[in-house]
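Engineer: Input coords-v7.cif, format and content: mmCIF, C-alpha atoms (C1' of nucleotides).
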```cif
data_data
loop_
_atom_site.label_atom_id
_atom_site.label_comp_id
_atom_site.auth_asym_id
_atom_site.auth_seq_id
_atom_site.Cartn_x
_atom_site.Cartn_y
_atom_site.Cartn_z
CA MET A 1 101.77 106.55 259.00
CA SER A 2 98.09 106.80 258.82
CA HIS A 3 96.91 103.46 260.05
CA LYS A 4 94.66 103.27 262.97
CA PRO A 5 94.99 99.67 263.83
CA ALA A 6 91.45 98.82 262.93
CA SER A 7 91.41 97.55 266.41
CA ARG A 8 88.07 97.41 268.10
CA PRO A 9 87.18 93.78 268.67
CA SER A 10 83.68 94.62 267.55
CA ARG A 11 81.52 91.96 269.15
CA ALA A 12 78.23 93.27 267.91
CA ALA A 13 77.36 93.51 264.25
CA LYS A 14 79.31 91.11 262.11
CA PRO A 15 82.62 89.95 263.40
CA VAL A 16 84.93 88.47 260.85
CA GLY A 17 88.18 87.02 262.01
CA GLY A 18 87.74 88.98 265.18
CA GLU A 19 87.26 92.26 263.36
CA ASN A 20 84.33 94.11 261.92
CA LEU A 21 85.01 94.44 258.24
CA LEU A 22 81.68 95.86 257.20
CA PHE A 23 83.40 98.97 255.99
CA LEU A 24 85.09 96.89 253.31
CA THR A 25 82.01 95.61 251.52
CA ASP A 26 81.72 96.36 247.81
CA ALA A 27 78.89 98.77 248.54
CA GLN A 28 81.01 100.69 251.03
CA LEU A 29 83.90 100.87 248.61
CA ARG A 30 81.64 102.02 245.82
CA GLN A 31 80.31 104.75 248.06
CA GLY A 32 83.84 105.95 248.61
CA VAL A 33 84.38 106.19 244.87
CA GLU A 34 81.11 107.99 244.31
CA LEU A 35 81.74 110.46 247.11
CA MET A 36 85.06 111.29 245.51
CA PHE A 37 83.21 112.01 242.27
CA PHE A 38 80.66 114.33 243.85
CA ALA A 39 83.11 116.09 246.15
CA TYR A 40 85.61 116.66 243.38
CA ARG A 41 82.90 117.89 241.04
CA ASP A 42 81.73 120.55 243.47
CA MET A 43 85.16 121.49 244.80
CA ILE A 44 86.49 122.23 241.35
CA ALA A 45 83.42 124.27 240.46
CA ASP A 46 84.43 127.13 242.76
CA ALA A 47 87.62 127.79 240.85
CA ASP A 48 85.95 127.12 237.51
CA ARG A 49 83.80 130.18 237.91
CA LEU A 50 86.80 132.40 238.49
CA LEU A 51 88.60 130.89 235.54
CA ALA A 52 85.69 131.29 233.16
CA ASP A 53 85.75 135.03 233.78
CA ARG A 54 89.20 135.23 232.26
CA GLY A 55 88.67 132.67 229.53
CA TYR A 56 90.79 130.03 231.18
CA GLY A 57 90.03 126.39 231.90
CA ARG A 58 91.16 123.78 234.39
CA ALA A 59 94.34 123.14 232.49
CA HIS A 60 95.38 126.73 233.09
CA HIS A 61 94.49 126.38 236.73
CA ARG A 62 96.60 123.29 237.29
CA CYS A 63 99.48 124.85 235.47
CA LEU A 64 99.36 128.11 237.42
CA HIS A 65 98.95 126.27 240.67
CA PHE A 66 102.00 124.08 240.45
CA VAL A 67 104.25 126.78 239.04
CA TRP A 68 103.11 128.83 242.00
CA ARG A 69 104.00 126.07 244.46
CA ARG A 70 107.30 125.16 242.80
CA PRO A 71 108.72 128.30 241.24
CA GLY A 72 111.48 127.58 238.78
CA LEU A 73 110.39 124.08 237.87
CA SER A 74 110.93 122.78 234.34
CA VAL A 75 108.40 121.79 231.71
CA THR A 76 109.28 118.13 232.16
CA GLU A 77 108.77 118.29 235.89
CA LEU A 78 105.39 119.89 235.36
CA LEU A 79 104.49 117.18 232.85
CA GLU A 80 105.21 114.53 235.45
CA ILE A 81 103.02 116.22 238.00
CA LEU A 82 100.07 116.76 235.71
CA ARG A 83 100.39 113.55 233.72
CA VAL A 84 99.37 115.02 230.43
CA THR A 85 101.22 115.12 227.17
CA LYS A 86 103.64 117.80 226.19
CA GLN A 87 101.34 119.45 223.71
CA SER A 88 98.43 119.65 226.11
CA LEU A 89 100.65 121.45 228.53
CA ASN A 90 102.47 123.49 225.96
CA ARG A 91 99.36 124.98 224.44
CA VAL A 92 98.22 126.24 227.80
CA LEU A 93 101.70 127.28 228.84
CA ARG A 94 102.17 129.32 225.67
CA GLN A 95 98.93 131.15 226.40
CA LEU A 96 99.90 131.88 229.98
CA VAL A 97 103.28 133.19 228.90
CA ALA A 98 101.64 135.36 226.22
CA ASP A 99 99.23 136.70 228.84
CA ASP A 100 102.17 137.52 231.08
CA MET A 101 101.07 135.17 233.82
CA ILE A 102 104.11 132.91 233.60
CA ARG A 103 107.67 133.74 232.69
CA SER A 104 109.77 131.08 230.99
CA THR A 105 113.52 131.56 231.08
CA VAL A 106 116.35 129.44 229.79
CA GLY A 107 117.94 127.31 232.50
CA ASP A 108 121.28 128.26 233.98
CA VAL A 109 123.02 124.94 234.14
CA ASP A 110 121.19 123.19 231.30
CA ARG A 111 120.09 125.48 228.53
CA ARG A 112 117.66 122.91 227.18
CA ARG A 113 115.48 123.39 230.22
CA ARG A 114 113.14 126.27 230.91
CA ALA A 115 112.65 127.65 234.40
CA LEU A 116 109.00 128.54 234.91
CA VAL A 117 107.95 131.22 237.38
CA LEU A 118 104.80 133.26 237.92
CA THR A 119 104.66 136.96 237.24
CA GLU A 120 102.99 139.18 239.80
CA GLU A 121 99.75 138.97 237.89
CA GLY A 122 100.05 135.21 237.69
CA GLU A 123 100.62 134.90 241.38
CA ALA A 124 97.62 137.08 242.12
CA LEU A 125 95.44 134.77 240.04
CA ALA A 126 96.93 131.64 241.59
CA ARG A 127 96.22 133.00 245.03
CA ALA A 128 92.68 133.97 244.14
CA LEU A 129 92.00 130.48 242.80
CA SER A 130 93.46 128.88 245.87
CA SER A 131 91.38 131.08 248.12
CA ALA A 132 88.20 130.18 246.31
CA GLN A 133 88.79 126.52 247.06
CA ASN A 134 90.11 127.11 250.54
CA GLU A 135 86.83 128.67 251.60
CA ARG A 136 85.00 125.43 251.04
CA MET A 137 87.80 123.40 252.56
CA ARG A 138 87.94 125.58 255.63
CA ARG A 139 84.28 125.20 256.40
CA VAL A 140 84.39 121.44 255.96
CA PHE A 141 87.60 121.02 257.93
CA ARG A 142 86.32 123.13 260.77
CA GLU A 143 83.15 121.10 261.02
CA ALA A 144 85.05 117.84 260.84
CA GLY A 145 87.73 118.59 263.39
CA PRO A 146 91.47 117.91 263.34
CA GLU A 147 91.34 114.16 263.73
CA ALA A 148 88.88 113.68 260.90
CA VAL A 149 90.99 115.95 258.75
CA GLN A 150 94.05 113.87 259.50
CA ALA A 151 92.18 110.71 258.59
CA PHE A 152 90.85 112.31 255.43
CA LYS A 153 94.36 113.23 254.32
CA SER A 154 95.77 109.81 255.14
CA VAL A 155 93.14 108.05 253.08
CA LEU A 156 93.70 110.38 250.12
CA ALA A 157 97.44 109.89 250.36
CA GLY A 158 96.88 106.13 250.32
CA MET A 159 94.96 106.40 247.07
CA ILE A 160 97.93 107.83 245.21
CA ASP A 161 99.89 105.31 243.17
CA ASP A 162 102.59 103.75 245.31
CA ASP A 163 105.41 104.83 243.07
CA LYS A 164 104.19 108.42 242.97
CA ARG A 165 103.15 108.94 246.55
CA GLU A 166 106.49 110.12 247.82
CA ALA A 167 106.84 112.73 245.11
CA ALA A 168 103.28 113.94 245.61
CA LEU A 169 103.65 114.26 249.36
CA ALA A 170 106.92 116.10 248.99
CA LEU A 171 105.25 118.44 246.55
CA ILE A 172 102.44 119.46 248.82
CA GLU A 173 104.70 120.11 251.79
CA ASP A 174 104.53 123.59 253.15
CA ARG A 175 107.62 125.38 251.95
CA ASP A 176 107.29 129.04 252.79
CA ALA A 177 105.61 128.75 256.13
CA MET B 1 89.12 135.88 252.77
CA SER B 2 92.07 133.59 252.79
CA HIS B 3 93.85 135.23 255.66
CA LYS B 4 96.13 133.24 257.81
CA PRO B 5 94.98 132.05 261.20
CA ALA B 6 91.44 133.27 260.82
CA SER B 7 91.40 135.19 264.05
CA ARG B 8 93.67 134.50 266.98
CA PRO B 9 94.61 137.60 268.89
CA SER B 10 98.14 136.33 268.69
CA ARG B 11 99.82 135.49 271.99
CA ALA B 12 101.58 132.25 271.28
CA ALA B 13 100.84 130.16 268.24
CA LYS B 14 98.66 127.35 269.33
CA PRO B 15 95.57 127.24 271.47
CA VAL B 16 92.55 129.29 270.56
CA GLY B 17 89.45 128.99 272.58
CA GLY B 18 90.96 125.90 274.02
CA GLU B 19 91.49 124.28 270.63
CA ASN B 20 94.38 123.97 268.27
CA LEU B 21 93.33 125.35 264.92
CA LEU B 22 96.56 124.72 263.09
CA PHE B 23 94.75 122.33 260.81
CA LEU B 24 92.91 125.32 259.34
CA THR B 25 95.87 127.27 258.05
CA ASP B 26 95.91 128.13 254.37
CA ALA B 27 98.75 125.69 253.84
CA GLN B 28 96.75 122.88 255.42
CA LEU B 29 93.70 123.67 253.35
CA ARG B 30 95.76 123.84 250.18
CA GLN B 31 97.18 120.42 250.99
CA GLY B 32 93.67 119.08 251.20
CA VAL B 33 92.87 120.42 247.76
CA GLU B 34 96.07 119.05 246.27
CA LEU B 35 95.58 115.63 247.81
CA MET B 36 92.13 115.52 246.23
CA PHE B 37 93.74 116.24 242.90
CA PHE B 38 96.37 113.51 243.16
CA ALA B 39 94.04 110.91 244.65
CA TYR B 40 91.36 111.54 242.05
CA ARG B 41 93.90 111.47 239.26
CA ASP B 42 95.19 108.04 240.21
CA MET B 43 91.83 106.59 241.22
CA ILE B 44 90.27 107.36 237.87
CA ALA B 45 93.27 105.96 236.00
CA ASP B 46 92.37 102.37 236.92
CA ALA B 47 89.06 102.52 235.13
CA ASP B 48 90.48 104.58 232.28
CA ARG B 49 92.67 101.68 231.22
CA LEU B 50 89.69 99.34 231.00
CA LEU B 51 87.68 101.90 229.07
CA ALA B 52 90.40 102.62 226.56
CA ASP B 53 90.37 98.95 225.55
CA ARG B 54 86.80 99.30 224.32
CA GLY B 55 87.13 102.76 222.86
CA TYR B 56 85.17 104.43 225.61
CA GLY B 57 85.99 107.46 227.74
CA ARG B 58 85.05 108.80 231.12
CA ALA B 59 81.77 110.10 229.85
CA HIS B 60 80.73 106.53 229.03
CA HIS B 61 81.92 105.36 232.41
CA ARG B 62 79.85 107.88 234.36
CA CYS B 63 76.83 107.12 232.26
CA LEU B 64 77.13 103.36 232.67
CA HIS B 65 77.80 103.69 236.36
CA PHE B 66 74.73 105.67 237.29
CA VAL B 67 72.40 103.69 235.05
CA TRP B 68 73.77 100.64 236.80
CA ARG B 69 73.11 102.10 240.26
CA ARG B 70 69.70 103.48 239.38
CA PRO B 71 68.17 101.18 236.80
CA GLY B 72 65.19 102.71 235.09
CA LEU B 73 66.19 106.32 235.63
CA SER B 74 65.27 108.90 233.02
CA VAL B 75 67.49 111.02 230.82
CA THR B 76 66.62 114.14 232.81
CA GLU B 77 67.56 112.50 236.08
CA LEU B 78 70.86 111.41 234.64
CA LEU B 79 71.49 114.93 233.40
CA GLU B 80 71.02 116.26 236.91
CA ILE B 81 73.44 113.77 238.39
CA LEU B 82 76.16 114.32 235.84
CA ARG B 83 75.66 118.07 235.41
CA VAL B 84 76.33 118.09 231.73
CA THR B 85 74.18 119.27 228.87
CA LYS B 86 71.69 117.16 226.98
CA GLN B 87 73.87 117.03 223.91
CA SER B 88 76.95 115.90 225.76
CA LEU B 89 75.01 113.12 227.39
CA ASN B 90 73.04 112.21 224.32
CA ARG B 91 76.09 111.71 222.17
CA VAL B 92 77.46 109.16 224.61
CA LEU B 93 74.10 107.61 225.36
CA ARG B 94 73.37 107.05 221.69
CA GLN B 95 76.65 105.21 221.37
CA LEU B 96 75.98 103.01 224.37
CA VAL B 97 72.52 102.13 223.11
CA ALA B 98 73.92 101.34 219.66
CA ASP B 99 76.56 99.13 221.28
CA ASP B 100 73.84 97.33 223.20
CA MET B 101 75.16 98.37 226.58
CA ILE B 102 72.12 100.37 227.56
CA ARG B 103 68.48 99.79 226.69
CA SER B 104 66.19 102.78 226.46
CA THR B 105 62.49 101.99 226.75
CA VAL B 106 59.43 104.18 226.81
CA GLY B 107 58.25 104.91 230.34
CA ASP B 108 55.20 103.17 231.75
CA VAL B 109 53.41 105.99 233.49
CA ASP B 110 54.76 108.85 231.40
CA ARG B 111 55.47 107.85 227.87
CA ARG B 112 57.59 110.92 227.22
CA ARG B 113 60.25 109.59 229.54
CA ARG B 114 62.75 106.92 228.71
CA ALA B 115 63.64 104.32 231.26
CA LEU B 116 67.33 103.55 230.99
CA VAL B 117 68.61 100.14 232.00
CA LEU B 118 71.81 98.22 231.40
CA THR B 119 71.88 95.16 229.19
CA GLU B 120 73.76 92.15 230.45
CA GLU B 121 76.81 93.26 228.58
CA GLY B 122 76.50 96.75 230.00
CA GLU B 123 76.21 95.47 233.52
CA ALA B 124 79.25 93.29 233.06
CA LEU B 125 81.25 96.32 232.00
CA ALA B 126 79.88 98.47 234.81
CA ARG B 127 80.85 95.82 237.33
CA ALA B 128 84.30 95.44 235.85
CA LEU B 129 84.86 99.17 236.06
CA SER B 130 83.64 99.29 239.61
CA SER B 131 85.85 96.39 240.59
CA ALA B 132 88.89 98.07 239.14
CA GLN B 133 88.35 101.05 241.38
CA ASN B 134 87.26 99.01 244.37
CA GLU B 135 90.57 97.23 244.47
CA ARG B 136 92.39 100.43 245.22
CA MET B 137 89.72 101.57 247.64
CA ARG B 138 89.79 98.29 249.52
CA ARG B 139 93.50 98.38 250.11
CA VAL B 140 93.38 101.97 251.30
CA PHE B 141 90.32 101.48 253.49
CA ARG B 142 91.78 98.39 255.07
CA GLU B 143 94.98 100.18 255.95
CA ALA B 144 93.11 103.18 257.30
CA GLY B 145 90.59 101.36 259.45
CA PRO B 146 86.87 101.94 259.94
CA GLU B 147 87.08 105.17 261.88
CA ALA B 148 89.34 106.85 259.38
CA VAL B 149 87.06 105.66 256.59
CA GLN B 150 84.10 107.18 258.35
CA ALA B 151 85.96 110.46 258.75
CA PHE B 152 87.03 110.36 255.11
CA LYS B 153 83.44 109.94 253.96
CA SER B 154 82.14 112.67 256.24
CA VAL B 155 84.62 115.18 254.94
CA LEU B 156 83.85 114.30 251.34
CA ALA B 157 80.13 114.59 251.98
CA GLY B 158 80.74 118.00 253.52
CA MET B 159 82.41 119.16 250.34
CA ILE B 160 79.32 118.58 248.26
CA ASP B 161 77.25 121.70 247.59
CA ASP B 162 74.70 122.15 250.36
CA ASP B 163 71.73 122.06 248.04
CA LYS B 164 72.91 118.89 246.35
CA ARG B 165 74.18 116.92 249.31
CA GLU B 166 70.93 115.26 250.17
CA ALA B 167 70.36 114.03 246.64
CA ALA B 168 73.93 112.80 246.35
CA LEU B 169 73.82 110.92 249.63
CA ALA B 170 70.51 109.34 248.75
CA LEU B 171 71.97 108.27 245.43
CA ILE B 172 74.91 106.44 246.89
CA GLU B 173 72.87 104.59 249.46
CA ASP B 174 73.10 100.86 249.26
CA ARG B 175 69.94 99.66 247.62
CA ASP B 176 70.31 96.01 246.89
CA ALA B 177 72.25 95.02 249.96
"C1'" DC C 1 137.12 116.96 217.74
"C1'" DT C 2 133.41 115.01 215.83
"C1'" DT C 3 129.43 112.57 215.75
"C1'" DG C 4 125.54 110.11 217.37
"C1'" DG C 5 122.27 109.36 220.90
"C1'" DA C 6 119.38 111.12 224.44
"C1'" DC C 7 116.84 114.65 226.27
"C1'" DA C 8 113.99 119.33 226.56
"C1'" DG C 9 110.94 121.82 224.34
"C1'" DT C 10 107.89 123.39 220.30
"C1'" DC C 11 104.47 122.84 216.93
"C1'" DA C 12 100.89 120.69 213.58
"C1'" DA C 13 96.95 117.95 213.14
"C1'" DC C 14 93.34 115.32 215.00
"C1'" DA C 15 89.71 113.33 218.43
"C1'" DA C 16 86.89 113.37 222.58
"C1'" DG C 17 83.77 115.59 225.03
"C1'" DG C 18 82.34 119.75 227.07
"C1'" DC C 19 79.18 124.00 225.64
"C1'" DT C 20 75.12 127.01 223.42
"C1'" DG C 21 71.18 127.73 220.60
"C1'" DA C 22 67.49 126.32 217.67
"C1'" DC C 23 64.10 123.16 216.28
"C1'" DG C 24 60.78 119.08 216.05
"C1'" DT C 25 57.79 115.71 218.12
"C1'" DA C 26 55.08 113.42 221.34
"C1'" DA C 27 52.72 113.28 225.58
"C1'" DA C 28 51.02 115.31 229.73
"C1'" DA C 29 48.92 119.13 232.13
"C1'" DA C 30 46.25 123.20 232.40
"C1'" DT D 1 42.65 123.56 222.95
"C1'" DT D 2 46.79 125.51 224.43
"C1'" DT D 3 50.83 125.25 227.01
"C1'" DT D 4 54.41 122.86 229.13
"C1'" DT D 5 57.48 119.06 229.59
"C1'" DA D 6 60.73 115.28 228.10
"C1'" DC D 7 63.42 113.86 224.73
"C1'" DG D 8 66.13 113.72 220.43
"C1'" DT D 9 68.88 116.01 217.05
"C1'" DC D 10 71.42 119.38 213.99
"C1'" DA D 11 75.03 122.82 213.59
"C1'" DG D 12 78.95 124.87 215.41
"C1'" DC D 13 82.14 126.32 218.89
"C1'" DC D 14 85.93 125.66 222.58
"C1'" DT D 15 89.02 123.27 225.74
"C1'" DT D 16 91.97 119.74 226.38
"C1'" DG D 17 93.45 115.27 225.53
"C1'" DT D 18 96.31 112.39 221.94
"C1'" DT D 19 100.40 111.10 218.39
"C1'" DG D 20 104.20 112.24 215.59
"C1'" DA D 21 107.64 115.08 213.62
"C1'" DC D 22 110.92 118.66 214.37
"C1'" DT D 23 114.69 121.89 216.57
"C1'" DG D 24 118.11 122.79 219.79
"C1'" DT D 25 121.20 121.31 223.51
"C1'" DC D 26 124.09 118.24 226.10
"C1'" DC D 27 127.23 114.54 226.64
"C1'" DA D 28 129.96 110.63 225.74
"C1'" DA D 29 132.27 107.23 222.65
"C1'" DG D 30 135.01 106.89 218.92
#
```
Translate this structure into structure tokens?
Structural biologist:
Amino acid sequence: MSHKPASRPSRAAKPVGGENLLFLTDAQLRQGVELMFFAYRDMIADADRLLADRGYGRAHHRCLHFVWRRPGLSVTELLEILRVTKQSLNRVLRQLVADDMIRSTVGDVDRRRRALVLTEEGEALARALSSAQNERMRRVFREAGPEAVQAFKSVLAGMIDDDKREAALALIEDRDA
Amino acid sequence: MSHKPASRPSRAAKPVGGENLLFLTDAQLRQGVELMFFAYRDMIADADRLLADRGYGRAHHRCLHFVWRRPGLSVTELLEILRVTKQSLNRVLRQLVADDMIRSTVGDVDRRRRALVLTEEGEALARALSSAQNERMRRVFREAGPEAVQAFKSVLAGMIDDDKREAALALIEDRDA
DNA sequence: CTTGGACAGTCAACAAGGCTGACGTAAAAA
DNA sequence: TTTTTACGTCAGCCTTGTTGACTGTCCAAG
């Protein structure tokens, strides 16, 4: 998927091996990295404001979000998604359970596992956070158009570690239509 | 906010005003946000490994990076780019100066300002960090092709806060060709 | 059946790096 | 001269990352 044959025999600017590879200079690559920094910084800020109101941080956000998207997942599964240590997650998780945002129940088949699900209040917050970020996304996507959005997503997907890409893409799949 | 199809007087489920707006559903937007999370997580990990070897963190990385890209910038300018408080920056900056990575000299025209520049050692580290991230970017960009890269950058630029976009784009401009 | 290893989860203690607020100094601007 | 600006620093707080030890559960080999 994704590709886009990089065709275009160029001819003008700076042909290299029959192709224009100007978009692969160090400066171009660096710009990509820096744009990720700035875009991520501002994107996350929308939700941060909502979280601050309730005394939560980004860790709570990430936790709520993925429990929302994968109700019933275990602590270990969540750890793999977030790539933090158990205690980092557990501290936040304990808080969210105490605040009645997340319910943690003993697993049916394996009683060592916990099944994590959002309460109604938790889901309301998860949805509010998602909406805050979607507003920005919607404006940008609309201005960019469907093809640019597709390209944007392909490039981001390509940046995920090879051995984790499949899991990540499966995770973000739309599941409730 | 956050509705579903953002208009559409129903009818079928596709064309609106002659265009297909399926790429603007909440699920699509959420996928964009999540892809940013996963891509950023893995992109930053490359540099993190290098930093950990020297006992530095991401704060040091950001600091080194922007002093590298804008040699001679002042503390206040750096604060505006990073959006952190003076104390957060100063803690890290003091360390980097002590480690002889950054040199802080009194400004020429305004002696209240400090002009921050990298030492040779600092520049070597900044380049190494950049290279680590460029490797991933290069592979992804090459696979995506120039048009997708252009789209990717446009979308990211669109995500930056309106009132900060100009400054950010000016900052990432190639300056030494 | 028992026992030992592996796995899931919890908790304690610590470090990094954000934050606010207050204060001091030097230099520029009014 | 007075005020404002740029910078540095102290004290103290909070979130969120880390490691390491611990409990409880499952499963398989003896």
Engineer: Under the rule that all atoms listed in the file are counted, which of D:DA21, D:DC14, D:DC27, D:DC7 is the nearest residue to DG4 in chain C?
Structural biologist: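 Ranking D:DA21, D:DC14, D:DC27, D:DC7 by distance to DG4 in chain C, first place goes to D:DC27.
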Engineer: Convert the output of the PyMOL selection byres ((chain B) within 8 of (chain A)) on the shown file into explicit residues, formatted as an NGL selection string.
Structural biologist: :B and (1-2 or 21 or 23-24 or 26-27 or 29-36 or 38-40 or 42-43 or 130 or 133-134 or 136-138 or 140-149 or 151-161 or 168 or 172-174 or 177)
Engineer: Go through the shown structure with the PyMOL selection byres ((chain D) within 10 of (chain B)) and write out the matching residues as a PyMOL selection string.
Structural biologist: chain D and resi 5-9
Engineer: Output C-alpha atoms (C1' of nucleotides) for every residue in the selection just made, as a PDB file, in the coordinates of the input.
Structural biologist:
```
ATOM      1  C1'  DT D   5      57.480 119.060 229.590  1.00  0.00           C
ATOM      2  C1'  DA D   6      60.730 115.280 228.100  1.00  0.00           C
ATOM      3  C1'  DC D   7      63.420 113.860 224.730  1.00  0.00           C
ATOM      4  C1'  DG D   8      66.130 113.720 220.430  1.00  0.00           C
ATOM      5  C1'  DT D   9      68.880 116.010 217.050  1.00  0.00           C
TER       6       DT D   9
END
```
Engineer: If you take all atoms listed in the file and a cut-off of 10 Å, which residues of chain C touch chain A, and what are their nearest atom pairs and distances in Å to one decimal, in chain and number order, as a tab-separated table?
Structural biologist:
```
residue	atom	partner	partner_atom	distance
C:DC7	C1'	A:Arg112	CA	8.4
C:DA8	C1'	A:Arg112	CA	5.2
C:DG9	C1'	A:Arg112	CA	7.4
C:DT10	C1'	A:Asn90	CA	7.8
C:DC11	C1'	A:Gln87	CA	8.2
```
Engineer: Need to verify the contact set: Arg103 in chain A, 7 Å, all atoms listed in the file, exclusion of same-chain residues closer than 3 positions in sequence. Can you return it as a compact mmCIF listing (two decimals) with C-alpha atoms, in the frame of the given file?
Structural biologist:
```
# COMPACT_ATOMS: atom_id res chain seq x y z
CA VAL A 97 103.28 133.19 228.90
CA ASP A 100 102.17 137.52 231.08
CA LEU A 116 109.00 128.54 234.91
CA VAL A 117 107.95 131.22 237.38
CA LEU A 118 104.80 133.26 237.92
CA THR A 119 104.66 136.96 237.24
```
Engineer: Evaluating the PyMOL selection byres ((chain D and resi 20) around 10) on the displayed file yields which residues, as number ranges by chain?
Structural biologist: C: 12-13; D: 19, 21-22
Engineer: Given identical sequences, what C-alpha RMSD separates chain A from chain B after least-squares superposition over all Cα in order?
Structural biologist: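 After superposition, the RMSD is 4.5 Å.
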Engineer: Just the number, please: distance in Å from CA of Leu78 in chain A to CA of Cys63 in chain A, one decimal.
Structural biologist: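 One can read the CA of Leu78 in chain A to CA of Cys63 in chain A distance as 7.7 Å.
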Engineer: Please indicate the distance in Å from CA of Gly55 in chain B to C1' of DG18 in chain C, rounded to one decimal place.
Structural biologist: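 Those two atoms sit 18.1 Å apart.
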Engineer: Grab the CA of Asp108 in chain B to C1' of DT1 in chain D distance for me, in Å with one decimal place.
Structural biologist: 25.5 Å
Engineer: Around (92.2, 131.2, 225.3), as given in the file, which residues come within 9 Å? Count only C-alpha atoms (C1' of nucleotides) and list them as a compact mmCIF listing (two decimals) with C-alpha atoms (C1' of nucleotides), in the frame of the given file.
Structural biologist:
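Output (point_12.txt):
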```
# COMPACT_ATOMS: atom_id res chain seq x y z
CA ARG A 54 89.20 135.23 232.26
CA GLY A 55 88.67 132.67 229.53
CA TYR A 56 90.79 130.03 231.18
CA GLY A 57 90.03 126.39 231.90
CA VAL A 92 98.22 126.24 227.80
CA GLN A 95 98.93 131.15 226.40
C1' DC D 14 85.93 125.66 222.58
C1' DT D 15 89.02 123.27 225.74
```
Engineer: Output as lines of an AutoDock Vina configuration file the centre and edge lengths (Å, one decimal) of the box along x, y and z of the file that holds every listed atom of range 14-29 of chain D after adding 8 Å on each side.
Structural biologist:
```
center_x = 109.1
center_y = 116.4
center_z = 220.1
size_x = 62.3
size_y = 34.4
size_z = 29.0
```
